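Data block for start_2.cif (mmCIF, C-alpha atoms and all ligand atoms):
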```cif
data_my_file
loop_
_atom_site.label_atom_id
_atom_site.label_comp_id
_atom_site.auth_asym_id
_atom_site.auth_seq_id
_atom_site.Cartn_x
_atom_site.Cartn_y
_atom_site.Cartn_z
CA VAL A 1 24.28 32.94 7.05
CA ASP A 2 23.08 30.84 9.98
CA ARG A 3 21.86 33.96 11.76
CA ASP A 4 19.86 35.05 8.67
CA ARG A 5 18.40 31.58 8.38
CA ASP A 6 17.39 31.54 12.02
CA ARG A 7 15.79 34.96 11.72
CA ALA A 8 13.79 33.87 8.66
CA ARG A 9 12.64 30.77 10.53
CA ASP A 10 11.63 32.81 13.55
CA ASP A 11 9.53 35.05 11.30
CA LEU A 12 7.80 32.05 9.77
CA ARG A 13 7.16 30.55 13.18
CA ASP A 14 5.68 33.84 14.39
CA ARG A 15 3.41 33.87 11.37
CA ALA A 16 2.32 30.30 12.13
CA LEU A 17 1.45 31.27 15.71
CA GLU A 18 -0.43 34.33 14.46
CA LEU A 19 -2.43 32.25 11.98
CA ASP A 20 -3.24 29.71 14.70
CA GLY A 21 -4.38 32.53 16.97
CA ALA A 22 -6.85 33.75 14.35
CA ASP A 23 -8.06 30.26 13.36
CA GLU A 24 -11.77 29.86 14.09
CA LEU A 25 -11.54 26.09 13.66
CA ALA A 26 -8.71 25.70 16.20
CA ARG A 27 -11.25 24.86 18.91
CA PHE A 28 -12.13 21.62 17.06
CA ARG A 29 -8.70 20.15 17.76
CA ASP A 30 -9.70 19.33 21.34
CA ARG A 31 -12.62 17.30 20.06
CA PHE A 32 -10.14 14.72 18.72
CA ALA A 33 -7.91 12.27 20.58
CA GLN A 34 -4.46 13.80 20.97
CA GLY A 35 -2.36 10.72 21.77
CA ASP A 36 1.22 11.95 21.85
CA ALA A 37 0.74 15.72 22.12
CA ASP A 38 4.14 16.36 20.51
CA LEU A 39 3.42 14.31 17.41
CA VAL A 40 3.10 16.35 14.23
CA TYR A 41 0.44 14.47 12.29
CA LEU A 42 0.35 15.39 8.61
CA ASN A 43 -1.38 12.33 7.22
CA GLY A 44 -5.05 13.26 7.45
CA ASN A 45 -5.28 12.51 3.74
CA SER A 46 -4.72 8.83 4.59
CA LEU A 47 -6.49 8.48 7.92
CA GLY A 48 -8.23 11.28 9.81
CA ARG A 49 -7.71 11.65 13.55
CA LEU A 50 -10.09 10.00 16.04
CA PRO A 51 -13.05 12.18 17.12
CA LEU A 52 -13.65 11.75 20.87
CA ALA A 53 -17.36 11.37 20.12
CA ALA A 54 -16.49 8.20 18.18
CA ILE A 55 -15.21 6.57 21.38
CA ASP A 56 -18.54 7.11 23.13
CA ARG A 57 -20.43 6.04 20.05
CA VAL A 58 -18.53 2.75 19.75
CA SER A 59 -19.25 2.04 23.36
CA GLN A 60 -22.93 2.84 22.91
CA VAL A 61 -23.32 0.76 19.75
CA VAL A 62 -21.45 -2.19 21.18
CA ARG A 63 -22.75 -2.19 24.76
CA GLU A 64 -26.30 -0.96 24.32
CA GLU A 65 -27.41 -1.44 20.73
CA TRP A 66 -25.65 -4.78 20.27
CA GLY A 67 -25.16 -5.97 23.85
CA ASP A 68 -28.57 -5.07 25.28
CA ASP A 69 -30.92 -4.63 22.36
CA LEU A 70 -29.44 -7.29 20.08
CA SER A 71 -31.28 -7.90 16.81
CA ARG A 72 -34.02 -5.48 17.80
CA SER A 73 -31.60 -2.70 16.92
CA PHE A 74 -32.02 -3.45 13.23
CA GLY A 75 -35.60 -2.24 13.52
CA SER A 76 -34.79 0.70 15.75
CA GLY A 77 -32.23 2.41 13.55
CA TRP A 78 -29.66 0.10 12.01
CA VAL A 79 -31.58 -0.59 8.80
CA ASP A 80 -31.89 3.13 8.13
CA LEU A 81 -28.28 3.95 8.94
CA PRO A 82 -26.81 3.90 5.38
CA VAL A 83 -29.38 6.44 4.17
CA ARG A 84 -29.36 8.48 7.39
CA VAL A 85 -25.58 8.95 7.32
CA GLY A 86 -25.83 9.47 3.55
CA ASN A 87 -28.33 12.29 4.00
CA LEU A 88 -26.15 14.01 6.58
CA LEU A 89 -23.14 13.70 4.30
CA ALA A 90 -25.15 14.89 1.29
CA ALA A 91 -26.30 18.04 3.07
CA SER A 92 -23.11 18.91 4.93
CA ALA A 93 -20.28 18.00 2.57
CA LEU A 94 -21.46 16.96 -0.89
CA GLY A 95 -24.13 19.48 -1.84
CA ALA A 96 -26.53 16.68 -2.75
CA ARG A 97 -30.21 16.21 -1.93
CA PRO A 98 -31.76 13.82 0.59
CA GLY A 99 -32.06 10.32 -0.84
CA GLU A 100 -29.12 10.68 -3.23
CA VAL A 101 -26.28 9.30 -1.07
CA LEU A 102 -25.66 5.99 0.71
CA VAL A 103 -22.85 5.09 3.12
CA ALA A 104 -22.41 1.33 3.10
CA ASP A 105 -19.71 -0.35 0.98
CA SER A 106 -16.03 0.35 0.49
CA THR A 107 -15.14 2.93 -2.16
CA THR A 108 -13.84 0.11 -4.34
CA VAL A 109 -17.13 -1.80 -4.26
CA ALA A 110 -19.16 1.40 -4.72
CA LEU A 111 -17.01 2.30 -7.72
CA TYR A 112 -17.56 -1.13 -9.25
CA LYS A 113 -21.32 -0.90 -8.75
CA LEU A 114 -21.67 2.55 -10.27
CA ALA A 115 -19.20 2.10 -13.13
CA TRP A 116 -21.01 -1.14 -14.01
CA ALA A 117 -24.34 0.72 -13.87
CA ALA A 118 -23.04 3.39 -16.23
CA LEU A 119 -21.67 0.90 -18.77
CA ASP A 120 -24.91 -1.04 -18.63
CA ALA A 121 -26.94 2.11 -19.26
CA ARG A 122 -24.82 2.86 -22.36
CA ALA A 123 -24.59 -0.72 -23.59
CA GLU A 124 -24.38 0.39 -27.24
CA ARG A 125 -21.06 2.13 -26.41
CA SER A 126 -17.87 0.43 -25.34
CA THR A 127 -15.29 3.00 -24.25
CA ILE A 128 -14.29 4.33 -20.83
CA VAL A 129 -12.22 7.49 -20.45
CA ALA A 130 -9.97 7.41 -17.37
CA ASP A 131 -6.72 8.83 -16.01
CA SER A 132 -3.58 6.68 -16.30
CA ASP A 133 -2.31 8.36 -13.10
CA ASP A 134 -5.49 7.83 -11.06
CA PHE A 135 -5.48 5.99 -7.72
CA PRO A 136 -4.77 2.27 -8.29
CA THR A 137 -8.15 0.94 -7.18
CA ASP A 138 -9.92 3.16 -9.71
CA ARG A 139 -7.69 1.97 -12.55
CA TYR A 140 -7.91 -1.68 -11.59
CA VAL A 141 -11.69 -1.72 -11.13
CA LEU A 142 -12.13 -0.09 -14.54
CA GLU A 143 -9.69 -2.54 -16.13
CA GLY A 144 -11.59 -5.44 -14.61
CA LEU A 145 -14.90 -4.06 -15.82
CA ALA A 146 -13.54 -3.43 -19.29
CA ALA A 147 -12.37 -7.05 -19.44
CA GLU A 148 -15.71 -8.31 -18.12
CA ARG A 149 -17.81 -6.29 -20.55
CA GLY A 150 -15.56 -6.24 -23.61
CA ALA A 151 -15.01 -2.49 -23.27
CA GLN A 152 -11.81 -0.52 -23.83
CA ILE A 153 -10.20 2.25 -21.84
CA ARG A 154 -8.86 5.45 -23.35
CA TRP A 155 -6.28 6.67 -20.90
CA ILE A 156 -5.57 10.34 -20.30
CA SER A 157 -1.85 11.04 -19.87
CA ALA A 158 -1.81 14.35 -18.04
CA ASP A 159 0.90 16.47 -16.53
CA ALA A 160 1.76 14.90 -13.14
CA ILE A 161 1.15 18.17 -11.27
CA ALA A 162 -1.74 19.76 -13.19
CA GLY A 163 -3.72 16.52 -13.58
CA PRO A 164 -6.40 15.79 -16.19
CA SER A 165 -7.96 18.88 -17.78
CA LEU A 166 -11.16 19.54 -19.69
CA GLY A 167 -9.04 19.59 -22.87
CA HIS A 168 -7.69 16.08 -22.18
CA VAL A 169 -11.20 14.74 -21.75
CA GLU A 170 -12.59 16.55 -24.80
CA ALA A 171 -9.81 15.15 -26.97
CA LEU A 172 -10.91 11.60 -26.13
CA LEU A 173 -14.69 11.98 -26.29
CA ASP A 174 -16.74 10.60 -29.14
CA SER A 175 -19.97 8.70 -29.66
CA ASP A 176 -18.45 5.45 -28.37
CA VAL A 177 -17.65 6.77 -24.88
CA ALA A 178 -20.02 5.37 -22.28
CA LEU A 179 -18.30 6.62 -19.13
CA VAL A 180 -15.79 9.23 -18.01
CA CYS A 181 -14.39 8.21 -14.63
CA LEU A 182 -11.94 10.50 -12.81
CA SER A 183 -10.87 11.62 -9.36
CA HIS A 184 -11.97 15.08 -8.29
CA VAL A 185 -8.67 15.66 -6.46
CA GLY A 186 -5.55 13.79 -7.54
CA TYR A 187 -4.23 11.52 -4.79
CA ARG A 188 -0.60 12.36 -5.53
CA SER A 189 -0.50 15.99 -6.70
CA SER A 190 -3.69 17.28 -5.03
CA ALA A 191 -4.79 18.84 -8.38
CA VAL A 192 -8.50 19.66 -8.54
CA ALA A 193 -10.28 18.63 -11.74
CA ASP A 194 -12.81 20.88 -13.48
CA ILE A 195 -15.74 18.78 -12.37
CA SER A 196 -18.49 20.94 -13.93
CA GLY A 197 -16.70 21.52 -17.24
CA ILE A 198 -15.77 17.85 -17.66
CA THR A 199 -19.31 16.78 -16.78
CA ALA A 200 -20.85 19.16 -19.31
CA ALA A 201 -18.46 18.00 -22.05
CA ALA A 202 -19.13 14.33 -21.33
CA HIS A 203 -22.88 14.95 -21.40
CA ARG A 204 -22.62 16.71 -24.77
CA ALA A 205 -21.00 13.50 -26.08
CA GLY A 206 -23.76 11.38 -24.50
CA ALA A 207 -21.51 9.79 -21.85
CA LEU A 208 -22.11 9.41 -18.13
CA VAL A 209 -19.68 10.78 -15.54
CA LEU A 210 -18.43 9.18 -12.33
CA PHE A 211 -16.19 11.11 -9.94
CA ASP A 212 -14.13 9.70 -7.07
CA LEU A 213 -14.40 12.23 -4.23
CA CYS A 214 -12.08 10.51 -1.72
CA HIS A 215 -9.74 13.52 -1.51
CA SER A 216 -12.37 16.24 -1.71
CA ALA A 217 -15.14 15.04 0.62
CA GLY A 218 -14.98 17.12 3.79
CA VAL A 219 -12.57 19.74 2.48
CA ILE A 220 -13.95 21.19 -0.78
CA GLU A 221 -17.43 22.59 -1.33
CA ILE A 222 -18.32 20.13 -4.07
CA GLY A 223 -21.91 21.19 -4.76
CA LEU A 224 -22.71 17.94 -6.57
CA GLU A 225 -26.19 19.03 -7.51
CA SER A 226 -24.97 22.14 -9.32
CA THR A 227 -22.13 20.31 -11.11
CA GLY A 228 -24.56 18.00 -12.91
CA VAL A 229 -22.39 14.96 -12.08
CA ASP A 230 -24.24 11.67 -12.62
CA LEU A 231 -22.47 9.38 -10.17
CA ALA A 232 -19.89 9.70 -7.42
CA VAL A 233 -18.10 7.62 -4.79
CA GLY A 234 -15.71 8.37 -1.96
CA CYS A 235 -14.41 7.26 1.40
CA THR A 236 -15.12 8.54 4.91
CA TYR A 237 -11.82 7.70 6.62
CA LYS A 238 -9.75 10.64 5.39
CA TYR A 239 -11.01 14.19 5.98
CA LEU A 240 -14.38 12.92 7.26
CA SER A 241 -12.63 11.22 10.22
CA GLY A 242 -14.75 8.07 9.98
CA GLY A 243 -12.05 5.64 11.20
CA PRO A 244 -9.88 2.94 9.59
CA GLY A 245 -11.82 1.00 6.96
CA SER A 246 -14.97 3.02 7.60
CA PRO A 247 -17.53 2.56 4.84
CA GLY A 248 -17.41 4.62 1.66
CA PHE A 249 -20.31 6.46 0.06
CA LEU A 250 -22.01 6.49 -3.28
CA TYR A 251 -24.10 9.16 -4.99
CA VAL A 252 -26.62 8.59 -7.76
CA ARG A 253 -28.35 11.70 -9.08
CA ARG A 254 -32.04 11.47 -8.29
CA ASP A 255 -33.32 11.40 -11.90
CA LEU A 256 -30.96 8.53 -12.76
CA GLN A 257 -31.80 6.27 -9.85
CA GLU A 258 -34.63 4.39 -11.54
CA ARG A 259 -32.95 4.45 -14.96
CA LEU A 260 -29.73 2.75 -13.90
CA SER A 261 -29.25 -0.55 -12.14
CA GLN A 262 -26.32 -1.98 -10.23
CA PRO A 263 -24.95 -5.51 -10.49
CA ILE A 264 -25.11 -6.81 -6.93
CA TRP A 265 -28.69 -7.79 -6.26
CA GLY A 266 -28.41 -8.22 -2.50
CA TRP A 267 -31.39 -8.47 -0.19
CA TRP A 268 -30.89 -4.96 1.23
CA SER A 269 -31.42 -3.58 -2.26
CA ARG A 270 -34.70 -5.43 -2.73
CA HIS A 271 -38.13 -3.89 -2.51
CA ASP A 272 -39.65 -4.81 0.87
CA MET A 273 -36.51 -6.71 1.91
CA MET A 274 -38.12 -8.39 4.91
CA SER A 275 -40.72 -10.07 2.70
CA MET A 276 -37.90 -12.45 1.63
CA GLY A 277 -39.89 -12.97 -1.54
CA HIS A 278 -38.96 -15.01 -4.59
CA GLY A 279 -37.41 -13.12 -7.43
CA TYR A 280 -35.57 -9.86 -7.22
CA GLU A 281 -37.53 -6.63 -7.36
CA ARG A 282 -35.42 -3.58 -6.87
CA ALA A 283 -36.10 -1.18 -4.03
CA ALA A 284 -37.27 2.32 -4.87
CA GLY A 285 -34.78 5.20 -4.96
CA ILE A 286 -31.26 5.06 -3.58
CA ASN A 287 -31.90 1.85 -1.59
CA ALA A 288 -31.63 -0.06 -4.87
CA TYR A 289 -27.89 0.65 -4.67
CA LEU A 290 -27.39 -1.17 -1.35
CA GLY A 291 -26.14 -4.78 -1.26
CA GLY A 292 -25.98 -6.78 1.95
CA THR A 293 -25.78 -5.93 5.65
CA PRO A 294 -23.35 -3.04 6.16
CA GLY A 295 -20.79 -3.01 9.00
CA ILE A 296 -22.94 -1.31 11.61
CA ILE A 297 -20.16 -0.48 14.05
CA GLY A 298 -18.00 1.20 11.42
CA LEU A 299 -20.96 3.00 9.93
CA SER A 300 -22.04 4.33 13.33
CA VAL A 301 -18.55 5.62 14.03
CA ALA A 302 -18.41 7.23 10.58
CA GLU A 303 -21.56 9.15 11.46
CA GLU A 304 -19.65 10.92 14.24
CA GLY A 305 -16.95 12.03 11.81
CA VAL A 306 -19.57 13.34 9.39
CA ARG A 307 -21.35 15.13 12.24
CA ILE A 308 -18.27 17.01 13.35
CA THR A 309 -17.60 18.00 9.72
CA ALA A 310 -21.19 19.27 9.44
CA GLU A 311 -20.77 21.26 12.62
CA ALA A 312 -17.58 22.97 11.41
CA GLY A 313 -19.14 23.72 8.02
CA LEU A 314 -17.59 23.32 4.59
CA THR A 315 -17.07 27.04 3.96
CA ALA A 316 -14.84 27.38 7.02
CA LEU A 317 -13.11 24.04 6.32
CA ARG A 318 -12.26 25.00 2.75
CA ALA A 319 -11.03 28.45 3.79
CA LYS A 320 -8.70 26.95 6.40
CA ASN A 321 -7.55 24.23 4.05
CA VAL A 322 -6.56 26.85 1.46
CA ALA A 323 -4.77 28.88 4.15
CA LEU A 324 -2.87 25.78 5.35
CA THR A 325 -1.69 24.70 1.91
CA THR A 326 -0.83 28.29 0.95
CA PHE A 327 1.33 28.55 4.08
CA ALA A 328 2.90 25.18 3.27
CA ILE A 329 3.89 26.48 -0.17
CA GLU A 330 5.37 29.62 1.39
CA LEU A 331 7.43 27.34 3.65
CA PHE A 332 8.37 25.24 0.63
CA ASP A 333 9.69 28.32 -1.17
CA SER A 334 11.85 29.48 1.71
CA LEU A 335 12.93 26.20 3.31
CA LEU A 336 12.54 23.26 0.94
CA ALA A 337 13.25 24.57 -2.58
CA PRO A 338 16.80 25.56 -1.52
CA GLU A 339 17.35 21.96 -0.35
CA GLY A 340 16.49 20.49 -3.76
CA PHE A 341 12.77 19.75 -3.36
CA ARG A 342 10.29 20.40 -6.19
CA LEU A 343 6.70 21.40 -5.57
CA GLY A 344 4.42 18.55 -6.69
CA SER A 345 1.11 20.43 -6.33
CA PRO A 346 -0.51 23.30 -8.23
CA ARG A 347 0.37 26.79 -6.97
CA GLU A 348 -3.06 28.22 -7.70
CA SER A 349 -5.11 27.62 -4.56
CA ALA A 350 -8.39 26.98 -6.40
CA ARG A 351 -6.69 24.10 -8.19
CA ARG A 352 -5.39 22.46 -5.01
CA GLY A 353 -7.02 20.05 -2.56
CA ALA A 354 -6.08 19.62 1.09
CA HIS A 355 -2.65 18.06 0.78
CA VAL A 356 0.58 19.36 -0.69
CA ALA A 357 3.19 17.28 -2.45
CA PHE A 358 6.92 17.83 -2.24
CA CYS A 359 9.07 15.81 -4.65
CA HIS A 360 12.58 14.64 -3.84
CA ARG A 361 14.72 11.79 -5.14
CA GLY A 362 15.23 10.57 -1.59
CA GLY A 363 11.52 10.96 -0.74
CA ARG A 364 10.89 7.47 0.63
CA GLU A 365 13.88 7.59 2.96
CA LEU A 366 13.00 11.13 4.08
CA VAL A 367 9.46 10.08 5.05
CA HIS A 368 10.95 7.33 7.28
CA ARG A 369 13.38 9.75 8.83
CA LEU A 370 10.63 12.32 9.37
CA GLU A 371 8.79 9.75 11.44
CA SER A 372 11.82 9.31 13.67
CA VAL A 373 11.76 13.07 14.39
CA GLY A 374 8.06 13.04 15.26
CA VAL A 375 6.38 13.90 11.95
CA VAL A 376 3.95 11.48 10.30
CA SER A 377 3.50 12.03 6.55
CA ASP A 378 3.47 9.59 3.65
CA PHE A 379 5.24 8.69 0.47
CA ARG A 380 3.82 7.95 -2.97
CA MET A 381 5.79 6.51 -5.87
CA PRO A 382 8.01 7.57 -7.48
CA ASP A 383 9.29 10.55 -5.46
CA THR A 384 6.40 12.29 -3.67
CA ILE A 385 6.13 13.23 -0.01
CA ARG A 386 2.56 14.17 0.88
CA PHE A 387 1.64 16.50 3.73
CA GLY A 388 -2.09 16.01 4.34
CA LEU A 389 -3.40 19.09 6.13
CA ALA A 390 -6.79 18.09 7.54
CA PRO A 391 -8.35 21.45 8.45
CA LEU A 392 -10.19 20.20 11.55
CA THR A 393 -7.06 19.01 13.28
CA THR A 394 -3.96 20.54 11.69
CA SER A 395 -2.40 23.73 13.05
CA PHE A 396 -0.21 26.18 11.18
CA VAL A 397 2.58 25.37 13.66
CA ASP A 398 2.25 21.70 12.61
CA VAL A 399 2.88 22.75 9.02
CA TYR A 400 5.84 24.87 10.10
CA GLU A 401 7.34 22.02 12.14
CA GLY A 402 6.86 19.51 9.34
CA CYS A 403 8.61 21.70 6.79
CA VAL A 404 11.47 22.78 9.08
CA ARG A 405 12.24 19.19 10.12
CA LEU A 406 12.06 18.03 6.51
CA ALA A 407 14.43 20.80 5.41
CA ASP A 408 16.89 19.90 8.20
CA LEU A 409 16.84 16.22 7.26
CA ALA A 410 17.60 17.00 3.62
CA SER A 411 20.34 19.57 4.23
C1 LIG B 501 -8.82 8.29 -4.79
C2 LIG B 501 -8.99 7.06 -3.96
N1 LIG B 501 -9.91 6.14 -4.30
C3 LIG B 501 -10.09 5.02 -3.55
C4 LIG B 501 -9.35 4.80 -2.42
C5 LIG B 501 -9.48 3.57 -1.58
O1 LIG B 501 -10.60 2.81 -1.75
P1 LIG B 501 -11.05 1.81 -0.57
O2 LIG B 501 -11.66 2.68 0.49
O3 LIG B 501 -12.02 0.90 -1.21
O4 LIG B 501 -9.84 1.14 -0.06
C6 LIG B 501 -8.38 5.73 -2.03
C7 LIG B 501 -7.58 5.48 -0.81
O5 LIG B 501 -6.71 6.19 -0.42
C8 LIG B 501 -8.20 6.88 -2.82
O6 LIG B 501 -7.27 7.78 -2.47
#
```
What's the structure tokens form of this structure?
Amino acid sequence: VDRDRDRARDDLRDRALELDGADELARFRDRFAQGDADLVYLNGNSLGRLPLAAIDRVSQVVREEWGDDLSRSFGSGWVDLPVRVGNLLAASALGARPGEVLVADSTTVALYKLAWAALDARAERSTIVADSDDFPTDRYVLEGLAAERGAQIRWISADAIAGPSLGHVEALLDSDVALVCLSHVGYRSSAVADISGITAAAHRAGALVLFDLCHSAGVIEIGLESTGVDLAVGCTYKYLSGGPGSPGFLYVRRDLQERLSQPIWGWWSRHDMMSMGHGYERAAGINAYLGGTPGIIGLSVAEEGVRITAEAGLTALRAKNVALTTFAIELFDSLLAPEGFRLGSPRESARRGAHVAFCHRGGRELVHRLESVGVVSDFRMPDTIRFGLAPLTTSFVDVYEGCVRLADLAS
């Protein structure tokens, strides 16, 4: 039995090496800090690896732009940075047009601003449709807003693996729904929502739609413009490799920008901000969705992560991401299912984001033990181990090693 098992493992390892050999994105791995070369890092869905270009950029921003040029740097680039990085992100990863995306606040703050804007634009309605299994910050921000504005939330209770469907949303839509707010890719299961179908259904009911793109930005060709989505937010520190706490982004479709307004009337969102005039007059276009001074160092570093994503190209990134998760599921079937794991992600590749979830009663403990054998992954309540397979930096051998070591720990 042991000999059969070893032979099967050898075959899988050979396949991993073959897939790595044919991987056109493999060359990008050297553009990221390696740290411990033996570490198997499978947590790119939490925090992307460090692009080497970010190290030079930090040094340049801190030494030259801050150290030498001081406040003059605001005029020579810093003030434009949220829109500049937003435009690069829009073109390379989101499928949005110039002037539709900003990179400035955290995802949480961006979500608050845009959900508020949507409720305000539909003030005659008082219902939000959301997913009871969505990421905590999304649920809490919506709960807070509902309390603030006297609105109510209709929660979708979806299958934990398949996530919210068009049918779930349609069943809750009526003329009182102001906003449908969902994640594009589920943070636990990796399920991809039908963004175009849900948007069309919400629009038929007269509601606005806000998608959280944290787990799809940089790995799925989102094509925001063609989906018809009204509003979107996301972070840059996962697959976009922007660094810990790097600023999030927000998207407001061009034709809505003047029709909606956001609640934080900061000076950066004012028309002619340097006039310091009395009374608030909103800036034109996407700048009206800014607030105060963004963290320039973090934003500059995030630009390097977005740049490297743009260089690799979303078509290649998505293709590799599908190949990585497909291989992970093959490994699951031969190594993990026999040890009592359940697959916590959809099997159909089009319905899956860039991480895979393996469920096990001892999941939390196994994630700790994995770390002690050189594999970094993460755990999500109640029983889910996530392997985040960032396509820029994850090899097929990494996936193999992660699954083999997990199987050995559980056996
Ligand atoms: C779906 C989703 N939304 C929001 C966040 C976090 O928001 P913030 O960047 O404001 O901490 C995460 C973090 O993992 C997330 O997965």
Practice item. Counting all atoms listed in the file, figure out which residue out of A:Leu145, A:Ala160, A:Leu182, A:Leu314 gets nearest to ligand LIG 501 (chain B). Key: A:Leu182
**Study point:** Residues within 10 Å of ligand LIG 501 (chain B), counting only C-alpha atoms and all ligand atoms, as a ChimeraX atom specification
**Key:** /A:45-47,105-112,134-139,182-188,211-216,233-238,244-249
Review point. Between atom CA of A:Gly95 and atom CA of A:Leu210, what is the spacing in Å?
Key: 15.8 Å
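Here the question is which of A:Val397, A:Cys359, A:Ala354, A:Ala284 gets nearest to A:Phe341 using all atoms listed in the file, and that residue is A:Cys359.
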Practice item. To one decimal in Å, tell me the separation between atom CA of A:Arg361 and atom CA of A:Asp383. Key: 5.6 Å
Review point. Which residue gives the smallest distance to A:Glu371 among A:Pro164, A:Thr227, A:Tyr41, A:Leu317, with all atoms listed in the file counted?
Key: A:Tyr41
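Picture a line from atom CA of A:Pro382 to atom CA of A:Ala193; it runs 21.8 Å.
Look at stretch 21-26 of chain A: the protein and nucleic acid residues within 8 Å of it, using all atoms listed in the file and passing over chain neighbours fewer than 5 places away, are A:Ala312, A:Ala316, A:Leu317, A:Lys320, A:Pro391, A:Leu392, A:Thr393, A:Ser395.
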Please write the residues from the selection above to a file, keeping C-alpha atoms, as a compact mmCIF listing (two decimals), keeping the file's coordinate frame.
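Result file selection-v3.txt:
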```txt
# COMPACT_ATOMS: atom_id res chain seq x y z
CA ALA A 312 -17.58 22.97 11.41
CA ALA A 316 -14.84 27.38 7.02
CA LEU A 317 -13.11 24.04 6.32
CA LYS A 320 -8.70 26.95 6.40
CA PRO A 391 -8.35 21.45 8.45
CA LEU A 392 -10.19 20.20 11.55
CA THR A 393 -7.06 19.01 13.28
CA SER A 395 -2.40 23.73 13.05
```
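Counting only C-alpha atoms and comparing A:Asp159, A:Phe396, A:Ile385, A:Gly35, the residue that lies closest to A:Glu18 is A:Phe396.
Proximity to A:Arg259 was assessed for A:Met273, A:Val373, A:Val141, A:Ala121 counting all atoms listed in the file; the smallest distance is recorded for A:Ala121.
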Review point. Nearest to A:Pro338: which of A:Ile195, A:Gly218, A:Arg5, A:Val83 is it, counting only C-alpha atoms?
Key: A:Arg5
Start from the incomplete input, build all heavy atoms for stretch 171-175 of chain A, and deliver everything as a compact mmCIF listing (two decimals), in the coordinates of the input.
```
# COMPACT_ATOMS: atom_id res chain seq x y z
N ALA A 171 -10.57 15.76 -25.87
CA ALA A 171 -9.81 15.15 -26.97
C ALA A 171 -10.14 13.66 -27.12
O ALA A 171 -9.93 13.09 -28.19
CB ALA A 171 -8.32 15.34 -26.73
N LEU A 172 -10.65 13.05 -26.07
CA LEU A 172 -10.91 11.60 -26.13
C LEU A 172 -12.40 11.25 -26.28
O LEU A 172 -12.75 10.09 -26.39
CB LEU A 172 -10.35 10.92 -24.87
CG LEU A 172 -8.83 11.01 -24.70
CD1 LEU A 172 -8.40 10.30 -23.42
CD2 LEU A 172 -8.11 10.41 -25.90
N LEU A 173 -13.24 12.26 -26.24
CA LEU A 173 -14.69 11.98 -26.29
C LEU A 173 -15.16 11.76 -27.72
O LEU A 173 -14.76 12.46 -28.64
CB LEU A 173 -15.46 13.16 -25.70
CG LEU A 173 -15.46 13.29 -24.18
CD1 LEU A 173 -16.07 14.63 -23.77
CD2 LEU A 173 -16.20 12.14 -23.52
N ASP A 174 -16.00 10.75 -27.88
CA ASP A 174 -16.74 10.60 -29.14
C ASP A 174 -17.98 9.76 -28.83
O ASP A 174 -18.28 9.49 -27.66
CB ASP A 174 -15.86 9.98 -30.24
CG ASP A 174 -15.41 8.57 -29.91
OD1 ASP A 174 -16.08 7.90 -29.08
OD2 ASP A 174 -14.40 8.12 -30.47
N SER A 175 -18.66 9.34 -29.87
CA SER A 175 -19.97 8.70 -29.66
C SER A 175 -19.84 7.27 -29.14
O SER A 175 -20.85 6.61 -28.90
CB SER A 175 -20.75 8.70 -30.97
OG SER A 175 -19.99 7.99 -31.93
```
